[in-house]
Each structure stands twice: as structure tokens, then as C-alpha cells.
$ cat input.cif   # mmCIF, C-alpha atoms
data_structure
loop_
_atom_site.label_atom_id
_atom_site.label_comp_id
_atom_site.auth_asym_id
_atom_site.auth_seq_id
_atom_site.Cartn_x
_atom_site.Cartn_y
_atom_site.Cartn_z
CA MET H 1 0.00 0.00 0.00
CA ASP H 2 1.13 3.56 -0.62
CA ASP H 3 2.35 5.43 2.46
CA TYR H 4 -0.62 7.81 2.60
CA VAL H 5 -3.10 4.92 2.28
CA VAL H 6 -1.39 3.02 5.12
CA ARG H 7 -1.44 6.19 7.22
CA ASN H 8 -5.13 6.77 6.42
CA LYS H 9 -5.99 3.20 7.41
CA GLU H 10 -4.12 3.56 10.71
CA THR H 11 -5.88 6.87 11.39
CA PHE H 12 -9.33 5.45 10.61
CA ASN H 13 -8.59 2.50 12.90
CA ARG H 14 -7.53 4.92 15.65
CA LEU H 15 -10.37 7.45 15.27
CA GLY H 16 -13.22 5.14 14.25
CA SER H 17 -16.49 7.00 13.70
CA ALA H 18 -14.95 10.28 14.91
CA ALA H 19 -12.84 10.43 11.72
CA THR H 20 -15.53 12.15 9.62
CA ASP H 21 -18.02 14.91 10.26
CA ALA H 22 -21.05 13.03 9.02
CA ALA H 23 -23.86 15.60 9.33
CA GLU H 24 -23.47 17.20 5.86
CA LEU H 25 -22.85 13.81 4.22
CA MET H 26 -26.00 12.41 5.85
CA ARG H 27 -28.00 15.37 4.51
CA ILE H 28 -26.61 14.75 1.01
CA ALA H 29 -27.41 11.02 1.26
CA THR H 30 -31.02 11.75 2.21
CA GLN H 31 -31.33 14.18 -0.69
CA VAL H 32 -29.67 12.00 -3.38
CA LEU H 33 -30.90 8.53 -2.40
CA PRO H 34 -34.33 8.79 -4.11
CA ALA H 35 -32.73 9.65 -7.49
CA PHE H 36 -30.08 6.95 -7.05
CA GLN H 37 -32.72 4.35 -6.24
CA MET H 38 -34.94 5.43 -9.14
CA LEU H 39 -32.10 4.93 -11.64
CA LEU H 40 -31.22 1.42 -10.41
CA ALA H 41 -32.21 -1.44 -12.69
CA GLY H 42 -31.72 -3.97 -9.87
CA GLY H 43 -31.16 -4.06 -6.16
CA ARG H 44 -27.54 -5.09 -5.55
CA VAL H 45 -25.54 -2.12 -4.24
CA LEU H 46 -22.01 -1.64 -2.89
CA ASP H 47 -21.46 0.98 -0.19
CA LEU H 48 -17.86 1.89 -1.08
CA GLY H 49 -16.04 3.31 1.92
CA CYS H 50 -18.93 2.34 4.17
CA GLY H 51 -17.22 3.45 7.38
CA VAL H 52 -19.41 2.58 10.36
CA GLY H 53 -22.37 1.72 8.12
CA HIS H 54 -24.72 4.71 8.34
CA ASP H 55 -25.36 4.79 4.59
CA SER H 56 -25.42 0.98 4.41
CA LEU H 57 -28.32 1.06 6.85
CA ARG H 58 -30.05 3.81 4.84
CA LEU H 59 -29.62 1.79 1.61
CA LYS H 60 -30.86 -1.40 3.29
CA ARG H 61 -33.99 0.41 4.49
CA CYS H 62 -34.71 1.08 0.80
CA LYS H 63 -35.00 -2.70 0.33
CA LEU H 64 -31.66 -2.93 -1.49
CA GLU H 65 -29.24 -5.86 -1.24
CA VAL H 66 -26.27 -4.02 0.25
CA GLU H 67 -22.62 -4.94 0.70
CA GLY H 68 -20.14 -2.65 2.41
CA LEU H 69 -16.41 -2.26 1.86
CA ASP H 70 -13.94 -0.22 3.88
CA ILE H 71 -10.21 -0.20 4.53
CA SER H 72 -10.61 0.11 8.32
CA GLU H 73 -11.23 -3.04 10.35
CA VAL H 74 -12.27 -0.90 13.34
CA MET H 75 -14.96 0.93 11.37
CA LEU H 76 -16.15 -2.35 9.83
CA ALA H 77 -16.52 -3.83 13.32
CA GLU H 78 -18.76 -0.87 14.23
CA ALA H 79 -20.73 -1.29 10.98
CA LYS H 80 -21.35 -4.97 11.74
CA LYS H 81 -22.84 -3.99 15.12
CA LEU H 82 -25.02 -1.26 13.61
CA VAL H 83 -26.39 -3.02 10.54
CA GLU H 84 -27.69 -6.58 10.37
CA GLY H 85 -28.10 -8.46 7.11
CA VAL H 86 -25.29 -6.64 5.27
CA VAL H 87 -22.02 -8.29 4.30
CA PHE H 88 -19.11 -6.04 5.24
CA ARG H 89 -15.59 -6.71 4.06
CA GLN H 90 -12.20 -5.10 4.33
CA GLY H 91 -10.60 -3.98 1.10
CA ASP H 92 -8.85 -1.34 -0.97
CA PHE H 93 -10.78 0.89 -3.41
CA ARG H 94 -8.02 0.50 -6.01
CA ALA H 95 -8.47 -3.28 -6.31
CA LEU H 96 -12.07 -4.19 -5.49
CA PRO H 97 -12.52 -7.82 -4.42
CA PHE H 98 -15.56 -8.37 -6.66
CA ASP H 99 -16.21 -9.93 -10.06
CA ASP H 100 -16.91 -7.85 -13.15
CA ALA H 101 -20.50 -6.57 -13.39
CA SER H 102 -21.33 -7.48 -9.78
CA PHE H 103 -23.45 -4.46 -8.81
CA ASP H 104 -26.47 -2.53 -10.04
CA GLY H 105 -25.24 0.50 -8.12
CA ILE H 106 -22.22 1.73 -6.20
CA TRP H 107 -22.57 4.38 -3.51
CA ALA H 108 -19.46 6.30 -2.34
CA ASN H 109 -20.63 9.13 -0.11
CA GLY H 110 -17.69 10.98 1.42
CA SER H 111 -15.05 8.32 0.83
CA LEU H 112 -13.21 9.04 -2.41
CA PHE H 113 -11.62 12.34 -1.38
CA TYR H 114 -9.24 10.25 0.72
CA VAL H 115 -7.40 9.13 -2.44
CA ASN H 116 -5.09 11.09 -4.70
CA PRO H 117 -5.93 11.68 -8.40
CA ASN H 118 -3.88 8.69 -9.67
CA ASP H 119 -5.55 6.38 -7.18
CA LEU H 120 -8.94 7.93 -7.90
CA LYS H 121 -8.52 6.96 -11.56
CA LYS H 122 -7.71 3.36 -10.49
CA THR H 123 -10.71 3.40 -8.16
CA LEU H 124 -13.06 4.73 -10.84
CA SER H 125 -11.81 2.01 -13.21
CA GLU H 126 -12.61 -0.59 -10.55
CA VAL H 127 -16.05 0.94 -9.96
CA TYR H 128 -16.71 0.84 -13.70
CA ARG H 129 -15.51 -2.78 -13.92
CA THR H 130 -17.70 -4.00 -11.05
CA LEU H 131 -20.85 -2.16 -12.18
CA LYS H 132 -23.31 -3.91 -14.48
CA PRO H 133 -24.01 -2.22 -17.83
CA GLY H 134 -26.36 0.68 -17.10
CA GLY H 135 -25.26 0.60 -13.46
CA VAL H 136 -25.49 3.76 -11.36
CA PHE H 137 -22.60 5.33 -9.45
CA PHE H 138 -23.00 8.04 -6.82
CA ALA H 139 -20.04 9.77 -5.18
CA SER H 140 -19.41 12.94 -3.22
CA TYR H 141 -16.09 14.78 -3.24
CA LEU H 142 -14.59 17.78 -1.48
CA LYS H 143 -14.91 20.91 -3.66
CA GLY H 144 -11.89 22.96 -4.54
CA GLU H 145 -8.25 22.41 -5.35
CA GLY H 146 -5.25 20.77 -3.76
CA GLU H 147 -4.55 18.28 -1.04
CA PHE H 148 -4.24 18.56 2.72
CA PHE H 149 -3.95 16.47 5.86
CA ALA H 150 -6.36 16.67 8.80
CA ASP H 151 -5.86 14.39 11.82
CA SER H 152 -3.09 12.83 9.66
CA LEU H 153 -5.74 11.78 7.09
CA TYR H 154 -4.95 12.59 3.47
CA HIS H 155 -7.71 14.62 1.74
CA ARG H 156 -7.98 15.81 -1.85
CA ARG H 157 -10.27 18.52 -3.21
CA TYR H 158 -11.56 18.22 -6.79
CA GLN H 159 -12.97 20.52 -9.46
CA PRO H 160 -16.00 19.40 -11.55
CA GLU H 161 -13.97 19.50 -14.79
CA GLN H 162 -11.28 17.29 -13.29
CA LEU H 163 -13.87 14.71 -12.24
CA GLN H 164 -15.67 14.90 -15.59
CA GLU H 165 -12.40 14.06 -17.34
CA LEU H 166 -11.54 11.18 -14.97
CA TYR H 167 -15.03 9.67 -15.29
CA GLN H 168 -14.97 9.85 -19.08
CA ASP H 169 -11.43 8.44 -19.23
CA VAL H 170 -12.60 5.23 -17.55
CA GLY H 171 -15.78 4.93 -19.65
CA PHE H 172 -18.65 6.57 -17.76
CA LYS H 173 -21.23 8.40 -19.86
CA PRO H 174 -20.75 12.18 -19.79
CA PHE H 175 -22.75 14.10 -17.21
CA ASP H 176 -23.77 17.74 -17.54
CA ARG H 177 -22.72 18.95 -14.10
CA PRO H 178 -22.54 17.87 -10.47
CA LEU H 179 -25.84 17.51 -8.62
CA ASP H 180 -27.09 20.60 -6.83
CA THR H 181 -27.29 19.48 -3.21
CA GLY H 182 -26.87 22.99 -1.81
CA SER H 183 -23.54 22.01 -0.27
CA GLU H 184 -20.72 24.54 -0.11
CA VAL H 185 -18.24 21.80 0.79
CA PHE H 186 -19.06 18.77 -1.38
CA LEU H 187 -19.49 18.03 -5.11
CA SER H 188 -21.95 15.21 -5.70
CA ILE H 189 -21.99 13.22 -8.93
CA LEU H 190 -24.46 10.66 -10.21
CA ALA H 191 -23.08 8.77 -13.21
CA VAL H 192 -24.18 5.83 -15.35
CA LYS H 193 -22.05 3.08 -16.91
#
$ encode --input "input.cif" --output "C-alpha cells"
Amino acid sequence: MDDYVVRNKETFNRLGSAATDAAELMRIATQVLPAFQMLLAGGRVLDLGCGVGHDSLRLKRCKLEVEGLDISEVMLAEAKKLVEGVVFRQGDFRALPFDDASFDGIWANGSLFYVNPNDLKKTLSEVYRTLKPGGVFFASYLKGEGEFFADSLYHRRYQPEQLQELYQDVGFKPFDRPLDTGSEVFLSILAVK
């Protein structure tokens, strides 16, 4: 693993659910989930970077067949306590442990800004690979430019044009613009394979 990814994993294991300010991400999830669900052709969804499982629970309540993946064993242990009936596994975004065309949808709310642009491209390629044709992908990113560390966690801000280019490079259909969620902090994108 790259140094920053190892450091992020150690920090998530140390901080657990305190690692992320979840209030704004929960508001975005509530706002975007109906559109995400409406676009799904089937019910199998991956919560990518599931953390302690808040969104996994929200997705499960929508009668979806949810699996969760996170790099932090500590956060996964919390998720397993919070959400019954969801398979949670430890893994790296850049090499997803799933077969091609495994999911109808992939949900990554507040998890992909922890990877740098090179690793984001690898991650998006993996998301594309594991989505079924016509599959739906939702992700939220920090708005802006540059990288920074907070609580020793690597963070990367992205511009819409940068994301548009990365998504198209790996094969996603073009999207007009990020979703308007009213957030000053996050860019939210809904894309289709």
C-alpha cells in the first residue's frame, strides 16, 4: 500500500467513527438517495467506503441488497454492530474484491476524497468494472483544489472539470454537471455506466 493509504488506514482505525463529520454527508445522502434508487435497474448495491455503516443502513432500508467495503477493520466492526443483514468486508478501493459486473449501483458518499488523483482513476476504473451495464454510481467529493492532511488523514479537493475528465477516461457516460445538493463543501456526482 502507498504510504498515505497506510497512514489513512491507521488513522481510521484509531479514530473510528470520529474520523468524519457526518452531518453534511447524511444530509446529502437523504437528498440523493431517491434519485439513485430510481435509476437502479436492480437491487444489488455496494457501499464503497462504508465506514461505520450509516449509509449501508439507509440503503438497506430502501429494500436494497447491500454490501459494504472499507479499509478500516475498526470501522467495519462498528458497521457490523449497527447493521444486520449486510455483508461487510475489508478492502482497498483501487483493487475491489468483486467480479466484473457485480453491482447494479455503487454508492461512495464521502469516501473518495481520501485518495489522490492517480488512485482515484484506479478506483473509478474498478467501480466501472464492477458495475453492471447501465449501473449507477454516486459519489461525493470535497470541492476545490489541492490536497491537505487533517488528523493525519490525506484529503484531496476536486474541481467538476477534473472529475468529468476522470469519469470519461474510464468509460462513464458524460454528465452535464454535479448535482445541486446545496452544499458549499461537497461536489456530488451521479453517473451511469
$ resolve_selection --input "input.cif" --expression "the PyMOL selection byres ((chain H and resi 87-97) around 7)" --output "compact mmCIF listing (two decimals) with C-alpha atoms, keeping the file's coordinate frame"
# COMPACT_ATOMS: atom_id res chain seq x y z
CA GLU H 67 -22.62 -4.94 0.70
CA GLY H 68 -20.14 -2.65 2.41
CA LEU H 69 -16.41 -2.26 1.86
CA ASP H 70 -13.94 -0.22 3.88
CA ILE H 71 -10.21 -0.20 4.53
CA SER H 72 -10.61 0.11 8.32
CA GLU H 73 -11.23 -3.04 10.35
CA LEU H 76 -16.15 -2.35 9.83
CA LYS H 80 -21.35 -4.97 11.74
CA GLY H 85 -28.10 -8.46 7.11
CA VAL H 86 -25.29 -6.64 5.27
CA PHE H 98 -15.56 -8.37 -6.66
CA ASP H 119 -5.55 6.38 -7.18
CA LYS H 122 -7.71 3.36 -10.49
CA THR H 123 -10.71 3.40 -8.16
CA GLU H 126 -12.61 -0.59 -10.55
$ closest_residue --input "input.cif" --among "H:Gln168, H:Asn13, H:Ser152, H:Gln159" --to "Lys121 in chain H" --atoms "all atoms listed in the file"
H:Gln168
$ residues_around --input "input.cif" --residues "range 52-64 of chain H" --least-positions-apart "2" --cutoff "6 Å" --atoms "all atoms listed in the file" --output "ChimeraX atom specification"
/H:43,50,66,75-76,78-79,83
$ closest_residue --input "input.cif" --among "H:Val170, H:Ala139, H:Ala77, H:Leu120" --to "Ile189 in chain H" --atoms "only C-alpha atoms"
H:Ala139
$ residues_around --input "input.cif" --residues "range 129-132 of chain H" --least-positions-apart "5" --cutoff "6 Å" --atoms "all atoms listed in the file" --output "count of residues only"
5
$ closest_residue --input "input.cif" --among "H:Asp47, H:Ser125, H:Phe186, H:Glu161" --to "Pro174 in chain H" --atoms "all atoms listed in the file"
H:Glu161
$ resolve_selection --input "input.cif" --expression "the PyMOL selection byres ((chain H and resi 190) around 10)" --output "number ranges by chain"
H: 32, 35-36, 39, 107, 136-140, 175, 177-179, 188-189, 191-192
$ write_last_selection --input "input.cif" --atoms "C-alpha atoms" --output "PDB file, keeping the file's coordinate frame"
ATOM      1  CA  VAL H  32     -29.670  12.000  -3.380  1.00  0.00           C
ATOM      2  CA  ALA H  35     -32.730   9.650  -7.490  1.00  0.00           C
ATOM      3  CA  PHE H  36     -30.080   6.950  -7.050  1.00  0.00           C
ATOM      4  CA  LEU H  39     -32.100   4.930 -11.640  1.00  0.00           C
ATOM      5  CA  TRP H 107     -22.570   4.380  -3.510  1.00  0.00           C
ATOM      6  CA  VAL H 136     -25.490   3.760 -11.360  1.00  0.00           C
ATOM      7  CA  PHE H 137     -22.600   5.330  -9.450  1.00  0.00           C
ATOM      8  CA  PHE H 138     -23.000   8.040  -6.820  1.00  0.00           C
ATOM      9  CA  ALA H 139     -20.040   9.770  -5.180  1.00  0.00           C
ATOM     10  CA  SER H 140     -19.410  12.940  -3.220  1.00  0.00           C
ATOM     11  CA  PHE H 175     -22.750  14.100 -17.210  1.00  0.00           C
ATOM     12  CA  ARG H 177     -22.720  18.950 -14.100  1.00  0.00           C
ATOM     13  CA  PRO H 178     -22.540  17.870 -10.470  1.00  0.00           C
ATOM     14  CA  LEU H 179     -25.840  17.510  -8.620  1.00  0.00           C
ATOM     15  CA  SER H 188     -21.950  15.210  -5.700  1.00  0.00           C
ATOM     16  CA  ILE H 189     -21.990  13.220  -8.930  1.00  0.00           C
ATOM     17  CA  ALA H 191     -23.080   8.770 -13.210  1.00  0.00           C
ATOM     18  CA  VAL H 192     -24.180   5.830 -15.350  1.00  0.00           C
TER      19      VAL H 192
END
$ atom_distance --input "input.cif" --atom1 "CA of Leu142 in chain H" --atom2 "CA of Arg157 in chain H"
4.7 Å
$ atom_distance --input "input.cif" --atom1 "CA of Val127 in chain H" --atom2 "CA of Arg7 in chain H"
23.2 Å
